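Engineer: Can you read through this structure? Questions will come right after.
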Amino acid sequence: MPYKKKRFFSYTTIFLCVLVAYTCRLIDTDNNLLQSLADQCRTSIYLGMYCAWVIYLNKHIVHKRMRQCLTAIGCLMVFWFFLRTIKYHVFQDPLSEHICWYLYYIPMLLIPTLGLNAALILEEKENGKIKKKHVLLFVFAAVLIIGVFTNDLHQQVFRFYLKPPYSDNSYGYGFLFLIIQIWIIFCLSAMDVILVRRSKTSGKKRFWLPVIPGIVLWGWNIGNILRLPFLSTIAGDLTAICCLCMAAIFQSCILCGLIPTNSRYFELFQSTGSLDAEITDETFRRYYYTGNFPNISKDMRECVIAGASMQENGILVRHIPVKGGHLFWTEDISVLLDQYQDIQEQQEELTERNQLLQMTYQKEAARRKLEEQNRLLNMIQDQTHRQYELLSLYMEKIEQTDSIEECDILLSKIVVVGTYLKRRKNLVLTRYSSQGDSLTMADLKQSLAESCENLKLCKIRAAYFVQDKEKLLHADDVLRCYDFFEWLIEQLFDVVNSIFFRVTQIEEKLQISVHVVCLADIRDLLAERPDLLIQQEEQEWFIRCPVS
């Protein structure tokens, strides 16, 4: 059935139900059975209408807060009619009727308050936070309801002229009753004003629809306060009038589009011609569809529910659960698959190219490493060529001599020179492996310690002192200190008895001081270094050498 015909049928049915209910109210007969049947029929019609309205609101209102607010109004209407029924047709004792009378004021106060709250929601964003004004509305309504429930203690709402149990047959109005009526009129008036302003600014065609029932309800409430005689004859049922007018107001808002609903599924699906989709129930029976959705089996649908399924020609079937069933739709991802295949091929090509570049880089790194090693070896060899020549000389002497003692002395000298070559190479490698061009005094101390230990083979007592071993120095200064120590030993191999080598730092400058015990005159042996300061005291010699 088309949506317009379906809507016309629904409103016609509602109008006929209200007309039947109103006709039942006009029945006034002495036949108790007929009168009771008319009353029960009228109550059942209203209860059925508002229960159906609550279901409709909960199912179709899109705005979450608006849906909650209108559903609460519908539930309060059902509760109000339930109270009205048990008050007049179930309870007979005055106390029960008295309690039902007070309970009337829960829906009587909350329905206008919720109506004003719903009107305020129309002007706010869908996901907006609950503001203080909404909370204050319900707090004030709750205070008035508490005032009604405690009326027997203070009698500021109703003043009873008879003794307890109090009855609604003889009473007057107090100060709080006036406040309650002002609050109801305020809520209805503010709601009408907001709806009128909202209707004009929204640009809807039937913007006047929500205003008419609002004016009727506002006028009826004023007339009820003034106790107009004709009003009680024509429309004296407080519950029916208030509920009908409030429902008419918000149903009119839905009708003119102020409150969005999701009731036109079929038209929505048919308007989306580019989408292939369908909505089914739990048994996969189709209810709505659009486009050319493929006919898939039940087993495949269950597979789709478990996870997305790929069909032929790059068609992907997707699923989301909806209330009461399932939504299936298809996506054409053939273009994406082609692009993915291209990306895969490019990725494989880039992977191969990356591997080739990595191999090239590794070979280049190995070549550079070999070149650096060769450079360092050549540099070390150039800097220590004198020691290599000295080793060659010692080896020739060993081959020429027949004396075991002389051979031992030459071998001891070879060990000392070889120690120097090893330790100096280590110093150079440490220099170039560190981040900065620096060495510590500890590096120099280790080299001196090994050299002094091996001098014992030459029957030379050697000692050393290095100041502040943790201090960083320029690598060239450390190498000069060790080179000077080795040069001094090589010059004095045959004449020195003991040597004390001291390295200190004075005013950020390295100073070398050497104490030598020797019988011979060493000045001729050290003439190669005229920069040395040499002093003699008997058999002891003091040598000072600036490092830089």
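The way I read the labels, and the way they are meant: chains A, B, ... in the order of the structure tokens, residue 1 as the first residue of every chain, and ligand 1 as the first ligand shown, with later ones counted on from there.
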Could you pull out the residues in region 449-524 of chain A that DSSP calls strand (DSSP E) from the backbone, as a PyMOL selection string?
Structural biologist: chain A and resi 461-466+472-474+496-506+509-518
Engineer: For Cys452 (chain A), work out the shell of residues within 12 Å, counting only C-alpha atoms and skipping chain neighbours fewer than 3 positions away, then give it as a list in words.
Structural biologist: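 Near neighbours after the sequence-gap exclusion: Val415, Val416, Val417, Thr419, Tyr420, Lys445, Gln446, Ser447, Leu448, Ala449, Leu455, Lys456, Leu457, Cys458, Lys459, Ile460, Arg461, Ala462, Ala463, Tyr464, Phe465, Tyr482, Phe485, Glu486, Ile489, Ser498, Ile499, Phe500 and Phe501 of chain A.
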Engineer: Store the residues of this selection in a file with N, CA and C atoms, as an mmCIF file, in the first residue's frame.
Structural biologist:
```cif
data_model
loop_
_atom_site.group_PDB
_atom_site.id
_atom_site.type_symbol
_atom_site.label_atom_id
_atom_site.label_comp_id
_atom_site.auth_asym_id
_atom_site.auth_seq_id
_atom_site.Cartn_x
_atom_site.Cartn_y
_atom_site.Cartn_z
ATOM 1 N N VAL A 415 110.318 -8.255 21.967
ATOM 2 C CA VAL A 415 109.044 -8.288 22.702
ATOM 3 C C VAL A 415 108.601 -6.878 23.061
ATOM 4 N N VAL A 416 109.540 -6.050 23.518
ATOM 5 C CA VAL A 416 109.187 -4.672 23.909
ATOM 6 C C VAL A 416 108.697 -3.886 22.708
ATOM 7 N N VAL A 417 109.419 -3.992 21.595
ATOM 8 C CA VAL A 417 108.993 -3.258 20.399
ATOM 9 C C VAL A 417 107.663 -3.799 19.873
ATOM 10 N N THR A 419 105.320 -5.161 21.626
ATOM 11 C CA THR A 419 104.257 -4.664 22.523
ATOM 12 C C THR A 419 103.850 -3.254 22.132
ATOM 13 N N TYR A 420 104.848 -2.426 21.821
ATOM 14 C CA TYR A 420 104.537 -1.059 21.405
ATOM 15 C C TYR A 420 103.679 -1.057 20.141
ATOM 16 N N LYS A 445 97.385 4.746 30.082
ATOM 17 C CA LYS A 445 97.866 3.974 31.233
ATOM 18 C C LYS A 445 97.965 2.488 30.897
ATOM 19 N N GLN A 446 96.972 1.945 30.197
ATOM 20 C CA GLN A 446 97.016 0.531 29.834
ATOM 21 C C GLN A 446 98.211 0.217 28.937
ATOM 22 N N SER A 447 98.478 1.126 27.989
ATOM 23 C CA SER A 447 99.620 0.915 27.079
ATOM 24 C C SER A 447 100.938 0.966 27.844
ATOM 25 N N LEU A 448 101.076 1.968 28.719
ATOM 26 C CA LEU A 448 102.311 2.088 29.500
ATOM 27 C C LEU A 448 102.496 0.894 30.438
ATOM 28 N N ALA A 449 101.366 0.397 30.985
ATOM 29 C CA ALA A 449 101.462 -0.725 31.924
ATOM 30 C C ALA A 449 102.015 -1.966 31.243
ATOM 31 N N LEU A 455 109.366 -4.632 29.943
ATOM 32 C CA LEU A 455 110.741 -4.146 30.103
ATOM 33 C C LEU A 455 111.508 -4.956 31.139
ATOM 34 N N LYS A 456 110.803 -5.686 31.983
ATOM 35 C CA LYS A 456 111.476 -6.535 32.957
ATOM 36 C C LYS A 456 112.305 -7.603 32.258
ATOM 37 N N LEU A 457 111.859 -8.020 31.038
ATOM 38 C CA LEU A 457 112.636 -9.010 30.280
ATOM 39 C C LEU A 457 114.009 -8.479 29.918
ATOM 40 N N CYS A 458 114.084 -7.129 29.747
ATOM 41 C CA CYS A 458 115.365 -6.486 29.424
ATOM 42 C C CYS A 458 116.130 -6.068 30.679
ATOM 43 N N LYS A 459 115.663 -6.519 31.858
ATOM 44 C CA LYS A 459 116.267 -6.197 33.155
ATOM 45 C C LYS A 459 116.274 -4.704 33.409
ATOM 46 N N ILE A 460 115.159 -4.070 32.996
ATOM 47 C CA ILE A 460 114.970 -2.632 33.219
ATOM 48 C C ILE A 460 113.769 -2.475 34.136
ATOM 49 N N ARG A 461 113.986 -1.786 35.270
ATOM 50 C CA ARG A 461 112.876 -1.506 36.175
ATOM 51 C C ARG A 461 112.141 -0.273 35.644
ATOM 52 N N ALA A 462 110.860 -0.426 35.363
ATOM 53 C CA ALA A 462 110.083 0.672 34.773
ATOM 54 C C ALA A 462 108.812 0.896 35.596
ATOM 55 N N ALA A 463 108.510 2.152 35.778
ATOM 56 C CA ALA A 463 107.263 2.535 36.477
ATOM 57 C C ALA A 463 106.684 3.753 35.763
ATOM 58 N N TYR A 464 105.436 4.044 36.094
ATOM 59 C CA TYR A 464 104.772 5.153 35.402
ATOM 60 C C TYR A 464 103.742 5.787 36.356
ATOM 61 N N PHE A 465 103.347 6.982 36.016
ATOM 62 C CA PHE A 465 102.264 7.685 36.729
ATOM 63 C C PHE A 465 101.482 8.506 35.702
ATOM 64 N N TYR A 482 102.880 8.265 24.202
ATOM 65 C CA TYR A 482 103.303 6.862 24.085
ATOM 66 C C TYR A 482 104.461 6.726 23.095
ATOM 67 N N PHE A 485 107.581 7.718 24.905
ATOM 68 C CA PHE A 485 108.033 6.670 25.817
ATOM 69 C C PHE A 485 108.795 5.589 25.052
ATOM 70 N N GLU A 486 108.261 5.145 23.918
ATOM 71 C CA GLU A 486 108.903 4.089 23.130
ATOM 72 C C GLU A 486 110.238 4.574 22.548
ATOM 73 N N ILE A 489 112.868 4.572 25.294
ATOM 74 C CA ILE A 489 113.319 3.229 25.652
ATOM 75 C C ILE A 489 114.265 2.688 24.593
ATOM 76 N N SER A 498 116.905 1.878 35.357
ATOM 77 C CA SER A 498 115.493 2.050 35.761
ATOM 78 C C SER A 498 114.964 3.349 35.163
ATOM 79 N N ILE A 499 113.656 3.383 35.052
ATOM 80 C CA ILE A 499 113.021 4.560 34.444
ATOM 81 C C ILE A 499 111.648 4.766 35.093
ATOM 82 N N PHE A 500 111.366 6.021 35.375
ATOM 83 C CA PHE A 500 110.040 6.383 35.925
ATOM 84 C C PHE A 500 109.419 7.422 34.990
ATOM 85 N N PHE A 501 108.331 7.050 34.368
ATOM 86 C CA PHE A 501 107.676 7.882 33.338
ATOM 87 C C PHE A 501 106.432 8.526 33.965
#
```
Engineer: Considering only helix (DSSP H, G or I) as DSSP defines it on the backbone, what residues of region 163-395 of chain A qualify? List them as a PyMOL selection string.
Structural biologist: chain A and resi 175-202+211-226+229-235+238-256+265-271+298-306+312-314+334-383+385-395
Engineer: Just give me the gap between CA of Ile343 (chain A) and CA of Arg318 (chain A) in Å, one decimal is fine.
Structural biologist: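 One can read the CA of Ile343 (chain A) to CA of Arg318 (chain A) distance as 24.4 Å.
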Engineer: Between CA of Asn378 (chain A) and CA of Leu429 (chain A), measure the distance and give it in Å to one decimal.
Structural biologist: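 Between these atoms lies a distance of 12.7 Å.
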Engineer: Go ahead and compute the interatomic distance for CA of Pro294 (chain A) and CA of His326 (chain A), in Å to one decimal.
Structural biologist: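 Straight-line distance from CA of Pro294 (chain A) to CA of His326 (chain A) works out to 15.2 Å.
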Engineer: Sort by chain and increasing residue number a table of all residues of region 241-264 of chain A within 9 Å of region 101-113 of chain A, each with its closest pair of atoms and their distance in Å to one decimal, counting only C-alpha atoms, and write it as CSV.
Structural biologist:
```
residue,atom,partner,partner_atom,distance
A:Cys242,CA,A:Met108,CA,8.4
A:Cys243,CA,A:Ile111,CA,8.5
A:Met246,CA,A:Ile111,CA,8.0
```
Engineer: If you keep C-alpha atoms, can you produce a file of those selected residues as a PDB file, in the first residue's frame?
Structural biologist:
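To be explicit, this is the file written out as again-v2.pdb:
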```pdb
ATOM      1  CA  CYS A 242      -5.736  16.795  27.591  1.00  0.00           C
ATOM      2  CA  CYS A 243      -4.393  13.545  26.161  1.00  0.00           C
ATOM      3  CA  MET A 246      -1.212  16.750  23.442  1.00  0.00           C
TER       4      MET A 246
END
```
Engineer: Nearest residue to Trp53 (chain A) out of A:Gln40, A:Gln181, A:Thr71, A:Thr360, using only C-alpha atoms?
Structural biologist: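 Smallest separation from Trp53 (chain A) among the options: A:Thr71.
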